[in-house]
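Below is my_file.cif, holding mmCIF, C-alpha atoms.
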data_final
loop_
_atom_site.label_atom_id
_atom_site.label_comp_id
_atom_site.auth_asym_id
_atom_site.auth_seq_id
_atom_site.Cartn_x
_atom_site.Cartn_y
_atom_site.Cartn_z
CA MET A 117 -30.99 39.30 -27.80
CA SER A 118 -33.20 41.62 -29.85
CA VAL A 119 -31.04 44.44 -31.14
CA LYS A 120 -31.70 45.91 -34.57
CA LEU A 121 -28.71 46.16 -36.86
CA ALA A 122 -28.40 49.44 -38.71
CA PRO A 123 -28.07 49.45 -42.51
CA ARG A 124 -24.52 48.91 -43.75
CA ILE A 125 -22.17 51.20 -41.85
CA GLU A 126 -18.58 51.76 -42.83
CA PRO A 127 -16.02 50.92 -40.12
CA ARG A 128 -14.77 54.51 -39.59
CA VAL A 129 -18.32 55.71 -38.92
CA ILE A 130 -18.43 53.45 -35.86
CA GLY A 131 -14.89 54.30 -34.71
CA LEU A 132 -12.93 51.46 -36.29
CA PRO A 133 -9.69 52.27 -38.14
CA TYR A 134 -10.64 51.11 -41.65
CA ASP A 135 -12.37 52.78 -44.58
CA ASP A 136 -14.21 49.66 -45.69
CA TRP A 137 -14.97 46.10 -44.64
CA ARG A 138 -12.99 43.20 -46.10
CA PRO A 139 -15.04 40.90 -48.34
CA GLY A 140 -17.53 38.97 -46.26
CA GLN A 141 -17.16 40.92 -43.00
CA TRP A 142 -20.34 42.99 -43.18
CA GLU A 143 -22.21 39.94 -44.47
CA ALA A 144 -20.96 38.01 -41.41
CA ILE A 145 -22.25 40.79 -39.14
CA GLU A 146 -25.66 40.56 -40.85
CA GLN A 147 -25.66 36.76 -40.47
CA ILE A 148 -24.89 37.10 -36.77
CA GLU A 149 -27.88 39.42 -36.40
CA GLU A 150 -30.12 36.94 -38.23
CA ALA A 151 -28.85 34.07 -36.06
CA PHE A 152 -29.63 36.00 -32.86
CA LYS A 153 -33.26 36.17 -33.97
CA ARG A 154 -33.42 32.37 -33.56
CA THR A 155 -31.05 31.64 -30.68
CA ASP A 156 -29.18 33.13 -27.74
CA CYS A 157 -25.81 31.70 -28.75
CA VAL A 158 -24.02 32.27 -32.04
CA VAL A 159 -20.70 30.73 -33.05
CA LEU A 160 -18.55 32.39 -35.69
CA GLU A 161 -15.98 30.02 -37.10
CA ALA A 162 -13.79 31.59 -39.76
CA PRO A 163 -10.24 31.11 -41.04
CA THR A 164 -7.23 33.08 -39.84
CA GLY A 165 -7.06 36.44 -41.59
CA THR A 166 -10.83 36.81 -41.96
CA GLY A 167 -10.90 39.63 -39.44
CA LYS A 168 -12.97 38.00 -36.71
CA THR A 169 -11.90 40.70 -34.23
CA LEU A 170 -13.18 43.43 -36.55
CA ILE A 171 -16.39 41.46 -37.17
CA ALA A 172 -16.98 41.19 -33.41
CA LEU A 173 -16.26 44.88 -32.80
CA GLY A 174 -18.32 45.82 -35.85
CA TYR A 175 -21.32 43.87 -34.58
CA ILE A 176 -20.98 45.37 -31.11
CA ARG A 177 -20.73 48.93 -32.45
CA ALA A 178 -23.37 48.57 -35.16
CA THR A 179 -25.92 47.23 -32.67
CA LEU A 180 -24.81 49.46 -29.77
CA SER A 181 -24.61 46.36 -27.59
CA GLN A 182 -23.49 46.60 -23.96
CA SER A 183 -20.90 43.84 -24.07
CA VAL A 184 -17.93 42.03 -22.65
CA VAL A 185 -15.26 40.53 -24.89
CA LEU A 186 -13.41 37.58 -23.38
CA THR A 187 -10.01 36.58 -24.71
CA HIS A 188 -7.57 33.78 -24.01
CA THR A 189 -4.60 36.13 -23.54
CA LYS A 190 -3.82 39.61 -22.29
CA SER A 191 -2.16 40.38 -25.62
CA LEU A 192 -5.44 39.66 -27.43
CA GLN A 193 -7.22 42.02 -25.00
CA LYS A 194 -4.73 44.70 -26.04
CA GLN A 195 -5.31 43.87 -29.73
CA TYR A 196 -9.05 44.46 -29.32
CA HIS A 197 -8.36 47.72 -27.49
CA LYS A 198 -5.94 48.92 -30.17
CA LEU A 199 -8.29 47.98 -33.01
CA SER A 200 -11.16 49.78 -31.30
CA GLY A 201 -9.04 52.92 -30.99
CA GLY A 202 -9.78 52.75 -27.26
CA ILE A 203 -13.21 54.18 -28.03
CA GLN A 204 -15.97 52.74 -25.82
CA THR A 205 -13.67 49.92 -24.66
CA SER A 206 -11.75 49.37 -21.47
CA ILE A 207 -9.39 46.61 -20.30
CA VAL A 208 -9.23 45.07 -16.87
CA MET A 209 -6.97 42.17 -15.90
CA GLY A 210 -6.41 40.20 -12.73
CA LYS A 211 -5.29 41.98 -9.57
CA ASN A 212 -1.82 40.43 -9.86
CA ASN A 213 -1.22 42.70 -12.89
CA TYR A 214 -1.49 45.91 -10.84
CA GLU A 215 0.83 47.27 -8.16
CA CYS A 216 -0.64 48.31 -4.80
CA GLN A 217 -0.75 52.10 -4.47
CA LEU A 218 -0.62 52.28 -0.68
CA PRO A 219 2.14 54.66 0.41
CA TYR A 220 5.00 52.58 1.77
CA ASP A 221 6.02 55.32 4.16
CA ALA A 222 2.97 54.39 6.22
CA LEU A 223 5.14 52.12 8.36
CA GLU A 224 2.34 50.92 10.59
CA ILE A 225 0.40 49.49 7.64
CA ALA A 226 3.53 48.13 5.96
CA GLU A 227 4.66 46.36 9.12
CA GLN A 228 1.21 45.06 10.00
CA PHE A 229 0.77 43.48 6.57
CA GLN A 230 4.46 42.70 5.97
CA MET A 231 4.30 44.72 2.77
CA LYS A 232 7.17 45.28 0.41
CA LYS A 233 7.40 47.78 -2.41
CA GLY A 234 5.86 46.46 -5.62
CA VAL A 235 3.32 44.13 -4.01
CA PRO A 236 0.51 43.24 -6.44
CA VAL A 237 -3.06 44.15 -5.53
CA ASP A 238 -4.01 40.50 -5.03
CA GLU A 239 -1.46 40.38 -2.14
CA ALA A 240 -2.21 43.87 -0.81
CA PRO A 241 -3.98 44.60 2.48
CA CYS A 242 -7.28 45.24 0.64
CA ALA A 243 -7.27 41.56 -0.39
CA VAL A 244 -7.83 40.64 3.26
CA GLY A 245 -10.42 43.27 4.10
CA PHE A 246 -8.28 46.34 4.90
CA GLN A 247 -10.22 49.52 4.05
CA CYS A 248 -7.69 51.10 1.72
CA PRO A 249 -7.48 54.91 1.93
CA VAL A 250 -6.23 55.15 -1.70
CA LYS A 251 -8.72 52.77 -3.35
CA ASP A 252 -10.10 55.63 -5.48
CA THR A 253 -6.72 56.03 -7.21
CA CYS A 254 -5.73 52.35 -7.26
CA TYR A 255 -4.81 51.24 -10.78
CA TYR A 256 -6.77 47.99 -10.47
CA PHE A 257 -9.98 49.48 -9.05
CA THR A 258 -9.81 52.34 -11.55
CA ALA A 259 -9.46 49.83 -14.42
CA TYR A 260 -12.35 47.78 -13.00
CA GLU A 261 -14.64 50.82 -12.72
CA ASN A 262 -13.69 52.01 -16.21
CA ALA A 263 -14.40 48.58 -17.69
CA ALA A 264 -17.69 48.28 -15.81
CA GLN A 265 -18.81 51.71 -17.11
CA SER A 266 -17.55 51.11 -20.65
CA SER A 267 -19.90 49.90 -23.36
CA THR A 268 -17.38 47.13 -24.12
CA ALA A 269 -15.28 45.60 -21.36
CA LEU A 270 -12.24 43.62 -22.50
CA LEU A 271 -11.49 40.78 -20.07
CA ASN A 272 -9.42 37.61 -20.26
CA TYR A 273 -10.93 34.20 -19.45
CA PRO A 274 -9.17 33.62 -16.11
CA TYR A 275 -10.19 37.07 -14.87
CA TYR A 276 -13.81 36.73 -15.97
CA LEU A 277 -14.20 33.25 -14.53
CA LYS A 278 -12.80 34.39 -11.17
CA GLU A 279 -14.07 37.98 -10.84
CA GLY A 280 -16.73 38.47 -13.50
CA MET A 281 -18.92 35.61 -12.32
CA ASN A 282 -18.87 36.94 -8.75
CA VAL A 283 -22.36 37.70 -7.42
CA GLU A 284 -21.42 41.37 -6.98
CA SER A 285 -19.77 41.66 -10.40
CA MET A 286 -20.63 44.63 -12.58
CA PHE A 287 -20.18 42.40 -15.65
CA LYS A 288 -23.62 40.79 -15.45
CA GLY A 289 -26.80 41.54 -17.35
CA LEU A 290 -25.02 42.60 -20.54
CA ASP A 291 -26.46 42.37 -24.05
CA LEU A 292 -23.60 40.31 -25.44
CA ILE A 293 -20.64 38.18 -24.40
CA VAL A 294 -18.05 37.56 -27.11
CA ALA A 295 -15.84 34.58 -26.30
CA ASP A 296 -12.89 34.99 -28.67
CA GLU A 297 -11.16 31.66 -29.27
CA GLY A 298 -14.02 30.07 -27.38
CA HIS A 299 -12.63 26.59 -27.95
CA LEU A 300 -9.93 27.48 -25.38
CA LEU A 301 -12.40 28.48 -22.65
CA GLU A 302 -12.66 25.07 -21.05
CA GLY A 303 -8.87 24.86 -20.56
#

For this file, write the structure as structure tokens.
Amino acid sequence: MSVKLAPRIEPRVIGLPYDDWRPGQWEAIEQIEEAFKRTDCVVLEAPTGTGKTLIALGYIRATLSQSVVLTHTKSLQKQYHKLSGGIQTSIVMGKNNYECQLPYDALEIAEQFQMKKGVPVDEAPCAVGFQCPVKDTCYYFTAYENAAQSSTALLNYPYYLKEGMNVESMFKGLDLIVADEGHLLEG
């Protein structure tokens, strides 16, 4: 990756909710940039409380990288989103986290697919090839499109490994993949 890091930028200038970096954070961002000049993979190992999330977001914002951040949990996805102020970031989770938006008064569809109110998208008719008439307003597909168009998509490991690695995925060809708690990826 050959992205040039700007001179020291304060967090608020790049949309992060702090006036200044904690000791060592900007230096870590600079070290990450230097490491990327020699390799395609950089590991940041730092103690709890260092602010690794802010370091990752700071690097992404300071280099204007098109990126995906992978987390072990949905709550960590939400932490990244909150810390970023929602600016330039978008979350998408697995289809089982979104309710199907098909109108249930369409009895023919409901009977044909044995649908019940509250069915998740992964069990909805679209999961078996049905051309959904409300796909444009579906919470899942809207979240997917938003994340794909965002400069930083926030995904969890199970979702990325199932959906993001798909041949047709919009989460390919990015500048940077951040694997938060990467030691948990294999599990």

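Excluding A:Phe287 itself and any same-chain residue fewer than 5 positions from it, the protein and nucleic acid residues within 12 Å of it, counting all atoms listed in the file, are Gln182, Ser183, Val184, Val185, Leu186, Val208, Tyr260, Glu261, Asn262, Ala263, Ala264, Gln265, Ser266, Ser267, Thr268, Ala269, Leu270, Leu271, Tyr275, Tyr276, Leu277, Lys278, Glu279, Gly280, Met281, Asn282, Leu292 and Ile293 of chain A.
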
Evaluate the PyMOL selection byres ((chain A and resi 297) around 12) and record the selected residues as a PDB file with C-alpha atoms, in the coordinates of the input, following the chain and residue labels used in the document.
ATOM      1  CA  VAL A 159     -20.700  30.730 -33.050  1.00  0.00           C
ATOM      2  CA  LEU A 160     -18.550  32.390 -35.690  1.00  0.00           C
ATOM      3  CA  GLU A 161     -15.980  30.020 -37.100  1.00  0.00           C
ATOM      4  CA  ALA A 162     -13.790  31.590 -39.760  1.00  0.00           C
ATOM      5  CA  PRO A 163     -10.240  31.110 -41.040  1.00  0.00           C
ATOM      6  CA  THR A 164      -7.230  33.080 -39.840  1.00  0.00           C
ATOM      7  CA  LYS A 168     -12.970  38.000 -36.710  1.00  0.00           C
ATOM      8  CA  THR A 169     -11.900  40.700 -34.230  1.00  0.00           C
ATOM      9  CA  ALA A 172     -16.980  41.190 -33.410  1.00  0.00           C
ATOM     10  CA  VAL A 185     -15.260  40.530 -24.890  1.00  0.00           C
ATOM     11  CA  LEU A 186     -13.410  37.580 -23.380  1.00  0.00           C
ATOM     12  CA  THR A 187     -10.010  36.580 -24.710  1.00  0.00           C
ATOM     13  CA  HIS A 188      -7.570  33.780 -24.010  1.00  0.00           C
ATOM     14  CA  THR A 189      -4.600  36.130 -23.540  1.00  0.00           C
ATOM     15  CA  LEU A 192      -5.440  39.660 -27.430  1.00  0.00           C
ATOM     16  CA  GLN A 193      -7.220  42.020 -25.000  1.00  0.00           C
ATOM     17  CA  ASN A 272      -9.420  37.610 -20.260  1.00  0.00           C
ATOM     18  CA  TYR A 273     -10.930  34.200 -19.450  1.00  0.00           C
ATOM     19  CA  VAL A 294     -18.050  37.560 -27.110  1.00  0.00           C
ATOM     20  CA  ALA A 295     -15.840  34.580 -26.300  1.00  0.00           C
ATOM     21  CA  ASP A 296     -12.890  34.990 -28.670  1.00  0.00           C
ATOM     22  CA  GLY A 298     -14.020  30.070 -27.380  1.00  0.00           C
ATOM     23  CA  HIS A 299     -12.630  26.590 -27.950  1.00  0.00           C
ATOM     24  CA  LEU A 300      -9.930  27.480 -25.380  1.00  0.00           C
ATOM     25  CA  LEU A 301     -12.400  28.480 -22.650  1.00  0.00           C
ATOM     26  CA  GLU A 302     -12.660  25.070 -21.050  1.00  0.00           C
ATOM     27  CA  GLY A 303      -8.870  24.860 -20.560  1.00  0.00           C
TER      28      GLY A 303
END

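The residues caught by the PyMOL selection byres ((chain A and resi 178) around 10) in this file are Val119, Lys120, Leu121, Ala122, Pro123, Arg124, Ile125, Glu126, Pro127, Val129, Ile130, Ile145, Ala172, Leu173, Gly174, Tyr175, Ile176, Arg177, Thr179, Leu180 and Ser181 of chain A.
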
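Between atom CA of A:Gln247 and atom CA of A:Thr205 the separation is 28.9 Å.
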
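Each of A:Pro236, A:Pro133, A:Gly202, A:Pro139 was checked against A:Gly165 using all atoms listed in the file; the smallest atom-to-atom distance is that of A:Pro139.
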
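The two atoms in question, atom CA of A:Asp291 and atom CA of A:Cys157, are spaced 11.7 Å apart.
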
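Atom CA of A:Glu215 is positioned 12.0 Å from atom CA of A:Lys251.
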
Item checked: Result set, the PyMOL selection byres ((chain A and resi 200) around 9) on current file, as a list in words -> Gly131, Leu132, Pro133, Leu170, Leu173, Gln195, Tyr196, His197, Lys198, Leu199, Gly201, Gly202, Ile203, Gln204 and Thr205 of chain A

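Of the residues under consideration (A:Thr253, A:Gly210, A:Ala259, A:Glu146), A:Gly210 shows the shortest atom-to-atom contact distance to A:Glu239 when counting only C-alpha atoms.
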